[in-house]
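With compact mmCIF, C-alpha atoms inside, this is protein09.txt:
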```txt
# COMPACT_ATOMS: atom_id res chain seq x y z
CA MET A 1 37.73 -25.52 -66.22
CA ALA A 2 41.49 -25.49 -65.48
CA VAL A 3 42.05 -28.35 -67.93
CA ARG A 4 43.39 -25.85 -70.49
CA GLU A 5 46.02 -24.58 -68.10
CA GLY A 6 46.74 -28.09 -66.88
CA LEU A 7 47.56 -29.32 -70.37
CA MET A 8 49.71 -26.25 -71.06
CA ALA A 9 51.63 -26.82 -67.82
CA LEU A 10 52.38 -30.39 -68.91
CA LEU A 11 53.83 -29.09 -72.19
CA VAL A 12 56.34 -26.75 -70.58
CA ASP A 13 59.32 -29.09 -70.78
CA GLU A 14 58.65 -31.05 -73.97
CA PRO A 15 56.11 -31.60 -76.73
CA ARG A 16 53.72 -34.52 -76.14
CA HIS A 17 51.04 -36.60 -77.84
CA GLY A 18 47.42 -36.21 -76.82
CA TYR A 19 47.29 -39.56 -75.04
CA GLN A 20 50.52 -38.86 -73.14
CA LEU A 21 48.92 -35.64 -71.94
CA LYS A 22 45.86 -37.49 -70.70
CA THR A 23 47.88 -39.95 -68.60
CA ALA A 24 50.26 -37.27 -67.32
CA PHE A 25 47.31 -35.10 -66.26
CA GLU A 26 45.66 -37.96 -64.40
CA ALA A 27 48.89 -38.95 -62.64
CA ALA A 28 49.55 -35.36 -61.55
CA THR A 29 46.06 -35.01 -60.05
CA GLY A 30 46.30 -38.15 -57.92
CA GLY A 31 43.95 -40.16 -60.13
CA VAL A 32 40.86 -38.28 -58.99
CA TRP A 33 40.52 -36.11 -62.07
CA ARG A 34 39.83 -38.32 -65.06
CA LEU A 35 39.88 -36.91 -68.59
CA ASN A 36 38.49 -38.60 -71.66
CA VAL A 37 40.58 -38.50 -74.79
CA GLY A 38 37.96 -36.55 -76.70
CA GLN A 39 38.08 -33.81 -74.05
CA VAL A 40 41.85 -33.67 -74.34
CA TYR A 41 41.78 -33.27 -78.12
CA SER A 42 38.98 -30.71 -78.16
CA THR A 43 40.89 -28.66 -75.57
CA LEU A 44 44.10 -28.95 -77.62
CA ASP A 45 42.17 -27.83 -80.72
CA ARG A 46 40.99 -24.72 -78.91
CA LEU A 47 44.51 -24.02 -77.60
CA HIS A 48 45.78 -24.39 -81.18
CA ARG A 49 43.06 -22.09 -82.53
CA ASP A 50 44.05 -19.47 -79.91
CA GLY A 51 47.72 -19.74 -80.86
CA LEU A 52 48.82 -21.09 -77.47
CA VAL A 53 49.87 -24.49 -78.75
CA ALA A 54 51.59 -25.55 -81.99
CA VAL A 55 50.87 -28.85 -83.75
CA ASP A 56 53.48 -31.02 -85.40
CA ASP A 57 51.67 -33.56 -87.60
CA THR A 58 54.67 -34.89 -89.52
CA GLY A 59 54.88 -38.06 -87.42
CA GLU A 60 52.38 -40.89 -86.95
CA GLN A 61 50.63 -39.03 -84.17
CA LYS A 62 50.19 -35.32 -83.69
CA ARG A 63 52.60 -33.78 -81.22
CA TYR A 64 51.71 -30.64 -79.35
CA ALA A 65 54.15 -27.95 -78.18
CA LEU A 66 53.69 -24.78 -76.17
CA THR A 67 54.08 -21.53 -78.15
CA ASP A 68 55.56 -18.31 -76.73
CA SER A 69 52.13 -16.83 -76.21
CA GLY A 70 51.17 -20.14 -74.59
CA ARG A 71 54.03 -19.66 -72.13
CA ASP A 72 52.85 -16.12 -71.42
CA ALA A 73 49.28 -17.30 -70.82
CA LEU A 74 50.46 -20.07 -68.53
CA GLY A 75 52.69 -17.62 -66.61
CA ALA A 76 49.70 -15.34 -66.08
CA TRP A 77 47.69 -18.28 -64.76
CA TRP A 78 50.34 -19.28 -62.20
CA ARG A 79 50.48 -15.68 -60.94
CA ALA A 80 46.71 -15.15 -60.74
CA THR A 81 45.18 -15.54 -57.25
CA PRO A 82 41.56 -16.14 -56.31
CA ALA A 83 39.73 -12.85 -56.79
CA ASP A 84 38.18 -11.02 -53.90
CA ASP A 85 34.81 -12.56 -54.65
CA PRO A 86 31.77 -12.40 -52.40
CA PRO A 87 31.69 -15.44 -50.07
CA PRO A 88 30.49 -18.62 -51.77
CA ARG A 89 26.83 -19.44 -51.39
CA ASP A 90 26.42 -23.10 -50.64
CA GLU A 91 23.53 -25.21 -49.50
CA LEU A 92 24.91 -25.88 -46.03
CA GLN A 93 25.16 -22.15 -45.36
CA LEU A 94 21.69 -21.52 -46.64
CA LYS A 95 20.27 -24.33 -44.51
CA VAL A 96 21.82 -23.02 -41.29
CA LEU A 97 20.91 -19.39 -42.01
CA LEU A 98 17.29 -20.30 -42.66
CA ALA A 99 17.23 -22.57 -39.61
CA VAL A 100 18.37 -19.66 -37.43
CA GLU A 101 15.33 -17.73 -38.68
CA GLN A 102 13.16 -20.47 -37.17
CA GLY A 103 14.73 -20.15 -33.73
CA PRO A 104 17.85 -21.31 -31.89
CA GLU A 105 16.63 -24.80 -30.98
CA HIS A 106 15.83 -25.65 -34.58
CA ALA A 107 19.16 -24.18 -35.70
CA LEU A 108 21.07 -26.27 -33.13
CA ASP A 109 19.27 -29.41 -34.29
CA VAL A 110 20.19 -28.69 -37.90
CA ILE A 111 23.81 -28.00 -36.93
CA THR A 112 24.02 -31.23 -34.92
CA ARG A 113 22.74 -33.33 -37.79
CA GLN A 114 24.96 -31.74 -40.43
CA ARG A 115 28.00 -31.90 -38.18
CA THR A 116 27.58 -35.58 -37.43
CA ALA A 117 27.24 -36.37 -41.13
CA LEU A 118 30.35 -34.32 -41.98
CA THR A 119 32.31 -35.89 -39.14
CA ARG A 120 31.46 -39.31 -40.46
CA ALA A 121 32.67 -38.26 -43.90
CA LEU A 122 35.95 -37.18 -42.29
CA GLN A 123 36.18 -40.50 -40.45
CA ARG A 124 35.79 -42.31 -43.78
CA HIS A 125 38.65 -40.29 -45.30
CA ARG A 126 40.78 -41.21 -42.29
CA ARG A 127 40.05 -44.88 -42.66
CA ALA A 128 40.98 -44.74 -46.33
CA GLN A 129 44.18 -42.91 -45.37
CA ARG A 130 45.06 -45.50 -42.76
CA GLU A 131 44.41 -48.37 -45.13
CA ALA A 132 46.57 -46.76 -47.81
CA ALA A 133 49.25 -46.08 -45.17
CA GLY A 134 52.48 -45.32 -46.97
CA ASP A 135 51.33 -46.65 -50.34
CA ALA A 136 49.59 -43.46 -51.46
CA SER A 137 51.45 -41.25 -53.92
CA LEU A 138 52.23 -37.67 -52.91
CA SER A 139 49.55 -36.35 -55.26
CA ALA A 140 46.96 -38.79 -53.86
CA GLN A 141 47.86 -37.66 -50.33
CA LEU A 142 47.49 -34.02 -51.31
CA VAL A 143 44.08 -34.71 -52.86
CA THR A 144 42.89 -36.45 -49.67
CA ASP A 145 44.26 -33.55 -47.64
CA ALA A 146 42.13 -31.17 -49.73
CA LEU A 147 38.98 -33.21 -49.04
CA VAL A 148 39.78 -33.40 -45.34
CA VAL A 149 40.58 -29.71 -44.99
CA ARG A 150 37.39 -28.66 -46.78
CA ALA A 151 35.30 -30.85 -44.51
CA GLU A 152 37.21 -29.35 -41.57
CA ALA A 153 36.39 -25.84 -42.76
CA ASP A 154 32.67 -26.66 -42.86
CA LEU A 155 32.89 -28.27 -39.43
CA ARG A 156 34.69 -25.28 -37.96
CA TRP A 157 32.04 -23.02 -39.40
CA LEU A 158 29.30 -25.18 -37.84
CA ASP A 159 31.14 -25.03 -34.48
CA LEU A 160 31.25 -21.26 -34.74
CA CYS A 161 27.55 -21.14 -35.58
CA GLU A 162 26.82 -23.28 -32.52
CA SER A 163 28.94 -21.10 -30.21
CA ARG A 164 27.40 -17.88 -31.49
CA ILE A 165 23.86 -19.23 -31.21
CA LEU A 166 24.50 -20.47 -27.65
CA ARG A 167 26.02 -17.12 -26.71
CA ALA A 168 23.11 -15.20 -28.21
CA ARG A 169 20.66 -17.45 -26.38
CA GLN A 170 22.50 -16.97 -23.09
CA GLY A 171 22.46 -13.19 -23.66
CA ARG A 172 18.68 -13.27 -23.84
CA ALA A 173 18.34 -15.33 -20.64
CA PRO A 174 20.99 -13.86 -18.30
CA SER A 175 20.18 -16.18 -15.37
CA ASN A 176 23.11 -18.54 -15.92
CA GLY A 177 26.02 -17.61 -13.67
CA GLY A 178 28.98 -18.40 -15.93
CA SER A 179 30.35 -21.70 -17.07
CA PRO A 180 32.61 -24.11 -15.18
CA MET O 1 45.28 -51.73 -3.95
CA THR O 2 42.08 -52.98 -2.31
CA ASP O 3 39.33 -53.83 -4.69
CA PRO O 4 36.13 -51.85 -4.06
CA CYS O 5 34.28 -53.96 -6.59
CA ALA O 6 34.92 -57.59 -5.75
CA THR O 7 32.85 -58.95 -8.60
CA ARG O 8 34.59 -57.08 -11.37
CA ASP O 9 35.82 -59.09 -14.29
CA ARG O 10 38.87 -57.51 -15.85
CA THR O 11 38.54 -59.42 -19.08
CA ARG O 12 35.00 -58.29 -19.75
CA SER O 13 34.31 -54.91 -18.24
CA PRO O 14 34.67 -51.90 -20.54
CA ALA O 15 37.64 -49.61 -19.97
CA LEU O 16 35.32 -46.77 -18.98
CA GLU O 17 31.66 -46.82 -18.13
CA MET O 18 29.72 -43.70 -17.21
CA VAL O 19 26.05 -44.23 -16.47
CA ALA O 20 23.59 -41.35 -16.15
CA VAL O 21 26.28 -39.09 -14.73
CA THR O 22 25.32 -35.64 -13.52
CA LYS O 23 27.71 -33.08 -12.09
CA VAL O 24 26.50 -29.91 -10.42
CA TYR O 25 28.80 -27.23 -9.04
CA GLY O 26 27.51 -24.90 -6.30
CA ARG O 27 24.00 -24.60 -4.98
CA GLY O 28 20.96 -22.40 -5.27
CA PRO O 29 21.20 -19.33 -7.51
CA THR O 30 24.89 -19.95 -8.36
CA GLU O 31 24.33 -23.58 -9.26
CA VAL O 32 25.97 -24.67 -12.52
CA ARG O 33 25.10 -27.96 -14.14
CA ALA O 34 28.28 -29.10 -15.87
CA LEU O 35 26.97 -32.50 -16.95
CA THR O 36 23.42 -33.81 -17.11
CA ASP O 37 22.57 -37.48 -17.46
CA VAL O 38 25.64 -38.37 -19.52
CA SER O 39 26.19 -42.02 -20.37
CA LEU O 40 29.31 -43.15 -22.18
CA THR O 41 30.90 -46.55 -22.58
CA VAL O 42 34.40 -46.91 -24.01
CA GLY O 43 35.47 -50.42 -24.88
CA ARG O 44 38.97 -51.86 -24.77
CA GLY O 45 41.18 -50.60 -27.54
CA GLU O 46 38.61 -48.03 -28.57
CA LEU O 47 39.37 -44.37 -29.27
CA VAL O 48 36.47 -42.06 -28.50
CA ALA O 49 36.72 -38.33 -29.18
CA VAL O 50 34.68 -35.83 -27.17
CA MET O 51 33.87 -32.53 -28.82
CA GLY O 52 31.84 -29.48 -27.94
CA PRO O 53 32.05 -25.73 -27.37
CA SER O 54 33.81 -24.24 -24.35
CA GLY O 55 31.91 -24.91 -21.16
CA CYS O 56 30.08 -27.92 -22.64
CA GLY O 57 31.45 -30.20 -19.92
CA LYS O 58 34.38 -31.84 -21.76
CA SER O 59 36.93 -31.20 -19.00
CA THR O 60 34.50 -32.16 -16.26
CA LEU O 61 33.95 -35.47 -18.02
CA LEU O 62 37.70 -36.19 -18.01
CA HIS O 63 38.08 -35.16 -14.37
CA LEU O 64 35.28 -37.51 -13.37
CA ALA O 65 36.68 -40.39 -15.43
CA GLY O 66 40.08 -39.96 -13.77
CA GLY O 67 38.62 -39.77 -10.26
CA LEU O 68 39.75 -36.16 -9.76
CA GLU O 69 36.17 -35.16 -8.94
CA ASP O 70 33.04 -36.95 -7.81
CA PRO O 71 29.76 -37.02 -9.71
CA THR O 72 26.65 -35.54 -8.14
CA ALA O 73 24.72 -38.56 -9.43
CA GLY O 74 25.37 -41.59 -11.59
CA ALA O 75 27.95 -44.37 -11.78
CA ILE O 76 31.54 -44.28 -13.04
CA ARG O 77 33.57 -47.44 -13.51
CA VAL O 78 37.09 -47.72 -14.83
CA ASP O 79 37.91 -51.27 -15.81
CA GLY O 80 35.03 -52.37 -13.63
CA LEU O 81 36.22 -50.42 -10.59
CA ASP O 82 33.71 -48.15 -8.86
CA VAL O 83 35.71 -44.90 -8.92
CA PRO O 84 33.57 -42.64 -6.69
CA ALA O 85 33.70 -45.34 -3.98
CA MET O 86 37.49 -45.23 -3.85
CA THR O 87 39.57 -43.53 -1.20
CA ALA O 88 42.02 -40.78 -2.13
CA ALA O 89 44.93 -43.21 -1.89
CA GLU O 90 43.20 -45.75 -4.10
CA ARG O 91 42.50 -43.06 -6.67
CA ALA O 92 46.10 -41.94 -6.69
CA SER O 93 47.12 -45.52 -7.32
CA LEU O 94 44.47 -45.83 -10.03
CA ARG O 95 46.01 -42.85 -11.83
CA ARG O 96 49.44 -44.46 -11.72
CA THR O 97 48.44 -47.94 -12.76
CA GLU O 98 45.24 -47.94 -14.78
CA VAL O 99 44.69 -44.45 -16.11
CA GLY O 100 47.21 -42.43 -18.11
CA TYR O 101 47.03 -38.72 -18.90
CA VAL O 102 48.21 -36.62 -21.83
CA PHE O 103 47.65 -32.89 -21.67
CA GLN O 104 48.23 -30.02 -24.07
CA ARG O 105 51.45 -29.04 -22.31
CA LEU O 106 53.25 -29.37 -18.98
CA ASN O 107 53.24 -33.10 -19.54
CA LEU O 108 56.77 -33.86 -18.50
CA VAL O 109 58.90 -33.13 -15.47
CA PRO O 110 61.62 -30.83 -16.86
CA SER O 111 64.30 -31.95 -14.39
CA LEU O 112 63.95 -35.62 -15.31
CA THR O 113 65.25 -37.22 -18.52
CA ALA O 114 62.88 -38.65 -21.12
CA LEU O 115 63.49 -42.14 -19.74
CA GLU O 116 63.05 -41.07 -16.11
CA ASN O 117 59.79 -39.33 -16.97
CA VAL O 118 58.37 -42.56 -18.34
CA MET O 119 59.76 -44.59 -15.40
CA LEU O 120 58.14 -42.25 -12.89
CA PRO O 121 54.65 -43.77 -12.59
CA LEU O 122 56.14 -47.26 -12.25
CA GLU O 123 58.62 -46.21 -9.56
CA LEU O 124 55.92 -44.36 -7.65
CA GLU O 125 53.95 -47.58 -7.68
CA GLY O 126 56.90 -49.44 -6.19
CA VAL O 127 58.21 -51.22 -9.27
CA GLY O 128 61.96 -51.82 -9.06
CA ARG O 129 64.36 -49.53 -10.86
CA ARG O 130 65.65 -52.07 -13.34
CA GLU O 131 62.21 -53.31 -14.30
CA SER O 132 60.92 -49.74 -14.51
CA ARG O 133 63.75 -48.88 -16.88
CA ASP O 134 63.09 -51.87 -19.13
CA ARG O 135 59.39 -51.19 -19.33
CA ALA O 136 59.93 -47.48 -19.92
CA ARG O 137 62.35 -48.24 -22.76
CA GLU O 138 59.82 -50.59 -24.26
CA ALA O 139 57.06 -47.94 -24.07
CA LEU O 140 59.35 -45.31 -25.62
CA ALA O 141 60.26 -47.70 -28.43
CA ALA O 142 56.56 -48.26 -29.05
CA VAL O 143 56.13 -44.53 -29.74
CA GLY O 144 59.20 -44.51 -31.99
CA LEU O 145 61.81 -43.17 -29.56
CA THR O 146 64.89 -45.31 -29.04
CA GLU O 147 67.73 -42.80 -28.85
CA GLN O 148 68.85 -39.93 -26.66
CA LEU O 149 66.58 -41.07 -23.86
CA ASP O 150 68.92 -39.51 -21.32
CA ARG O 151 68.13 -36.05 -22.64
CA TYR O 152 65.78 -33.64 -20.91
CA PRO O 153 62.31 -32.70 -22.21
CA ASP O 154 63.47 -29.26 -23.39
CA ASP O 155 65.93 -30.94 -25.77
CA PHE O 156 63.05 -32.51 -27.69
CA SER O 157 60.66 -30.95 -30.21
CA GLY O 158 57.01 -30.44 -29.22
CA GLY O 159 55.94 -33.51 -31.17
CA GLN O 160 58.61 -35.66 -29.55
CA GLN O 161 57.64 -34.39 -26.10
CA GLN O 162 54.08 -35.50 -26.76
CA ARG O 163 55.40 -38.89 -27.84
CA ILE O 164 57.21 -39.18 -24.53
CA ALA O 165 54.00 -38.16 -22.78
CA VAL O 166 52.08 -40.85 -24.66
CA ALA O 167 54.74 -43.39 -23.67
CA ARG O 168 54.34 -42.37 -20.04
CA ALA O 169 50.56 -42.63 -20.31
CA LEU O 170 50.91 -46.11 -21.80
CA VAL O 171 53.61 -47.59 -19.59
CA GLY O 172 52.49 -50.42 -17.36
CA GLU O 173 49.19 -52.10 -17.99
CA ARG O 174 47.02 -49.05 -18.46
CA ARG O 175 43.38 -49.60 -19.29
CA LEU O 176 42.50 -46.03 -20.15
CA ILE O 177 44.25 -42.95 -21.47
CA LEU O 178 42.62 -39.56 -20.95
CA ALA O 179 43.95 -37.03 -23.45
CA ASP O 180 42.99 -33.37 -23.04
CA GLU O 181 43.75 -31.34 -26.20
CA PRO O 182 47.07 -33.15 -26.67
CA THR O 183 47.60 -31.52 -30.06
CA GLY O 184 47.00 -27.96 -28.89
CA ALA O 185 50.63 -26.87 -29.13
CA LEU O 186 51.55 -28.78 -32.31
CA ASP O 187 51.53 -28.03 -36.03
CA THR O 188 49.02 -29.92 -38.17
CA LEU O 189 51.13 -32.84 -39.41
CA THR O 190 52.81 -33.37 -36.04
CA GLY O 191 49.37 -33.25 -34.43
CA ASP O 192 48.19 -35.88 -36.91
CA GLN O 193 51.09 -38.11 -35.95
CA VAL O 194 50.35 -37.85 -32.23
CA VAL O 195 46.67 -38.61 -32.71
CA GLU O 196 47.51 -41.47 -35.07
CA LEU O 197 49.70 -42.81 -32.31
CA LEU O 198 46.82 -42.48 -29.86
CA ALA O 199 44.54 -44.25 -32.33
CA GLU O 200 46.80 -47.18 -33.13
CA LEU O 201 49.13 -47.97 -30.27
CA PRO O 202 46.56 -48.30 -27.50
CA ALA O 203 44.30 -50.31 -29.79
CA ARG O 204 47.05 -52.88 -30.24
CA ARG O 205 47.47 -53.07 -26.47
CA GLY O 206 43.77 -53.10 -25.69
CA THR O 207 43.98 -49.72 -23.98
CA ALA O 208 41.08 -47.31 -24.46
CA VAL O 209 41.52 -43.60 -25.16
CA VAL O 210 39.21 -40.68 -24.49
CA LEU O 211 40.40 -37.74 -26.58
CA VAL O 212 39.03 -34.29 -25.80
CA THR O 213 39.58 -31.91 -28.69
CA HIS O 214 37.92 -28.99 -30.40
CA GLU O 215 39.57 -29.86 -33.72
CA PRO O 216 37.39 -31.92 -36.07
CA ARG O 217 40.59 -32.92 -37.86
CA TYR O 218 41.88 -34.84 -34.87
CA ALA O 219 38.50 -36.06 -33.66
CA SER O 220 38.01 -37.82 -36.99
CA TRP O 221 40.73 -40.36 -36.14
CA ALA O 222 38.37 -41.72 -33.49
CA ASP O 223 36.10 -44.74 -33.84
CA ARG O 224 33.36 -42.66 -32.28
CA VAL O 225 32.95 -38.92 -31.85
CA VAL O 226 30.65 -37.80 -29.06
CA PHE O 227 29.25 -34.26 -29.17
CA LEU O 228 28.47 -32.46 -25.93
CA ARG O 229 26.42 -29.31 -25.60
CA ASP O 230 25.24 -27.69 -22.38
CA GLY O 231 26.50 -30.73 -20.49
CA ARG O 232 24.50 -33.26 -22.48
CA VAL O 233 25.40 -35.70 -25.21
CA VAL O 234 23.59 -34.39 -28.28
CA ASP O 235 24.89 -36.75 -30.91
CA GLU O 236 27.48 -39.32 -31.83
CA ALA O 237 29.34 -40.06 -35.07
CA ASP O 238 30.21 -43.74 -35.34
CA ALA O 239 32.73 -44.62 -38.05
CA GLY O 240 31.53 -48.21 -38.01
CA ALA O 241 27.85 -47.44 -38.56
CA PRO O 242 26.34 -47.75 -42.06
CA PRO O 243 27.10 -44.68 -44.20
CA VAL O 244 23.60 -43.23 -44.43
CA GLY O 245 22.31 -39.93 -43.05
CA THR O 246 21.06 -41.67 -39.94
CA ALA O 247 21.76 -39.42 -36.99
CA VAL O 248 21.79 -41.55 -33.85
CA GLY O 249 21.10 -39.44 -30.81
CA SER O 250 18.21 -37.10 -30.31
CA ALA O 251 18.59 -33.53 -29.21
CA PRO O 252 17.25 -32.71 -25.74
```
Here is a file; write its structure as structure tokens.
Amino acid sequence: MAVREGLMALLVDEPRHGYQLKTAFEAATGGVWRLNVGQVYSTLDRLHRDGLVAVDDTGEQKRYALTDSGRDALGAWWRATPADDPPPRDELQLKVLLAVEQGPEHALDVITRQRTALTRALQRHRRAQREAAGDASLSAQLVTDALVVRAEADLRWLDLCESRILRARQGRAPSNGGSP
Amino acid sequence: MTDPCATRDRTRSPALEMVAVTKVYGRGPTEVRALTDVSLTVGRGELVAVMGPSGCGKSTLLHLAGGLEDPTAGAIRVDGLDVPAMTAAERASLRRTEVGYVFQRLNLVPSLTALENVMLPLELEGVGRRESRDRAREALAAVGLTEQLDRYPDDFSGGQQQRIAVARALVGERRLILADEPTGALDTLTGDQVVELLAELPARRGTAVVLVTHEPRYASWADRVVFLRDGRVVDEADAGAPPVGTAVGSAP
């Protein structure tokens, strides 16, 4: 998806061979985003077709260089920000929303189960982090951070769901005289 | 300190044991059940995080574990000691020798230096000045502070202040550290460092930690995460359990 832009970004300073691009891309993404060589070359072919990359085939291997319009396209990509899209629709959201339709107790059960599973996923990331302690590259650390923060976001959302459901339930049964 | 539980075995008893603990505030129509039938065992060197929405009973649980309040029903033992059976003086001693506290803020005495802050619980317990100083230095070194110990808390960053607080909670032969939102005033990476400290240092010394937090980020450093809701334990995430979707507890 962003492989096009990724390869262009790696061509900013100097022309490179296809295989060099593959290894540079994988190193930059902390080793979690593997590319196969075929994917690299088919992407480069499309970039060439669109005039964003120039090919030098005088040597043993083809070398690829960024063209001026390639630089413009890459510049536009760096500047672009996530559009003001409607909120993402994911399965976790759907599950909780439908559970709420079936009543607060069912919703709280669903939240509890999902939250425990997500918390355990976070705990696993932590263990991996602790075991890697110090050895992980900056890019690998940033990738783990992304996983952790996304799990955190889901967990925070589940916490909010729980608080709102409890509050709504309390509102319907106003016998409870405040919390300690 | 007199021993209210003569048969206790310090090498075997868990750092904290709460059995079927219930805490009710008030009576009749104003009665509030803060905790209902909560059981929690924290082993030596274990870090257990307690999570839950406001009013779920997290703070009450810490107060009971530290002997600041008495349960309405149930048993509470710290290192095998029957806490509700203790006198006020015994509890005060317990909090200086066996139980350490780390709070969100107001951890340190501003008019005492970093070193004096950490020496304080030892001196209050009657340990000599020289020995107190040596042990305080050792505890501060364990949290990564070896210099400028004669400075006052305000001279340190928030993260360093929490390190000093952790050193004070550790100093001596503490069995249990009770940490109440210790990361509340810190940025994310500094918060990570403090929780990492709470996860690793006490484990090496065989001290247990109960960490109350509302941040899943920090809770995930714990061996076990206990979820409270309406004063009951509704579930538990155990990092050591097999990685399948097997939820342990059952909702009430």
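Remark: for chain A, the closest of the candidate residues O:Ala185, O:Val99, O:Val32, O:Val194 is O:Val32 (distances computed over all atoms listed in the file).
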Please build the interface table for range 58-108 of chain A against range 25-44 of chain A with a cut-off of 12 Å, listing for each qualifying residue the nearest atom pair and the distance in Å to one decimal; count all atoms listed in the file, order rows by chain and increasing number, and write it as a tab-separated table.
```
residue	atom	partner	partner_atom	distance
A:Lys62	CA	A:Tyr41	CA	10.3
A:Arg63	CA	A:Leu44	CA	10.4
A:Tyr64	CA	A:Leu44	CA	8.0
A:Ala65	CA	A:Leu44	CA	10.1
A:Leu66	CA	A:Leu44	CA	10.6
A:Gly70	CA	A:Leu44	CA	11.7
```
Option closest in space to chain A, from O:Ser59, O:Thr30, O:Gln161, O:Thr113 [counting all atoms listed in the file]: O:Thr30
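The residue that comes closest to Asp223 in chain O, out of A:Leu122, A:Leu138, A:Val143, A:Ala151 and on the basis of all atoms listed in the file, is A:Leu122.
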Taking all atoms listed in the file into account, report as a VMD selection string which residues of chain A lie within 12 Å of chain O. chain A and resid 105 to 130 133 145 147 to 167 169 to 170 175 to 180
Show which residues sit within 9 Å of Ala165 in chain O, as a PDB file with C-alpha atoms, in the coordinates of the input. Count only C-alpha atoms, and ignore same-chain residues fewer than 6 positions away.
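Output contents, as saved in result.pdb:
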```
ATOM      1  CA  TYR O 101      47.030 -38.720 -18.900  1.00  0.00           C
ATOM      2  CA  VAL O 102      48.210 -36.620 -21.830  1.00  0.00           C
ATOM      3  CA  PHE O 103      47.650 -32.890 -21.670  1.00  0.00           C
ATOM      4  CA  ASN O 107      53.240 -33.100 -19.540  1.00  0.00           C
ATOM      5  CA  LEU O 108      56.770 -33.860 -18.500  1.00  0.00           C
ATOM      6  CA  ASN O 117      59.790 -39.330 -16.970  1.00  0.00           C
ATOM      7  CA  VAL O 118      58.370 -42.560 -18.340  1.00  0.00           C
TER       8      VAL O 118
END
```
Tell me which protein, DNA and RNA residues are within 7 Å of Glu46 in chain O, counting only C-alpha atoms, leaving out same-chain ones fewer than 2 positions away, and put them as a ChimeraX atom specification. /O:42-44,48,203,208-209,223
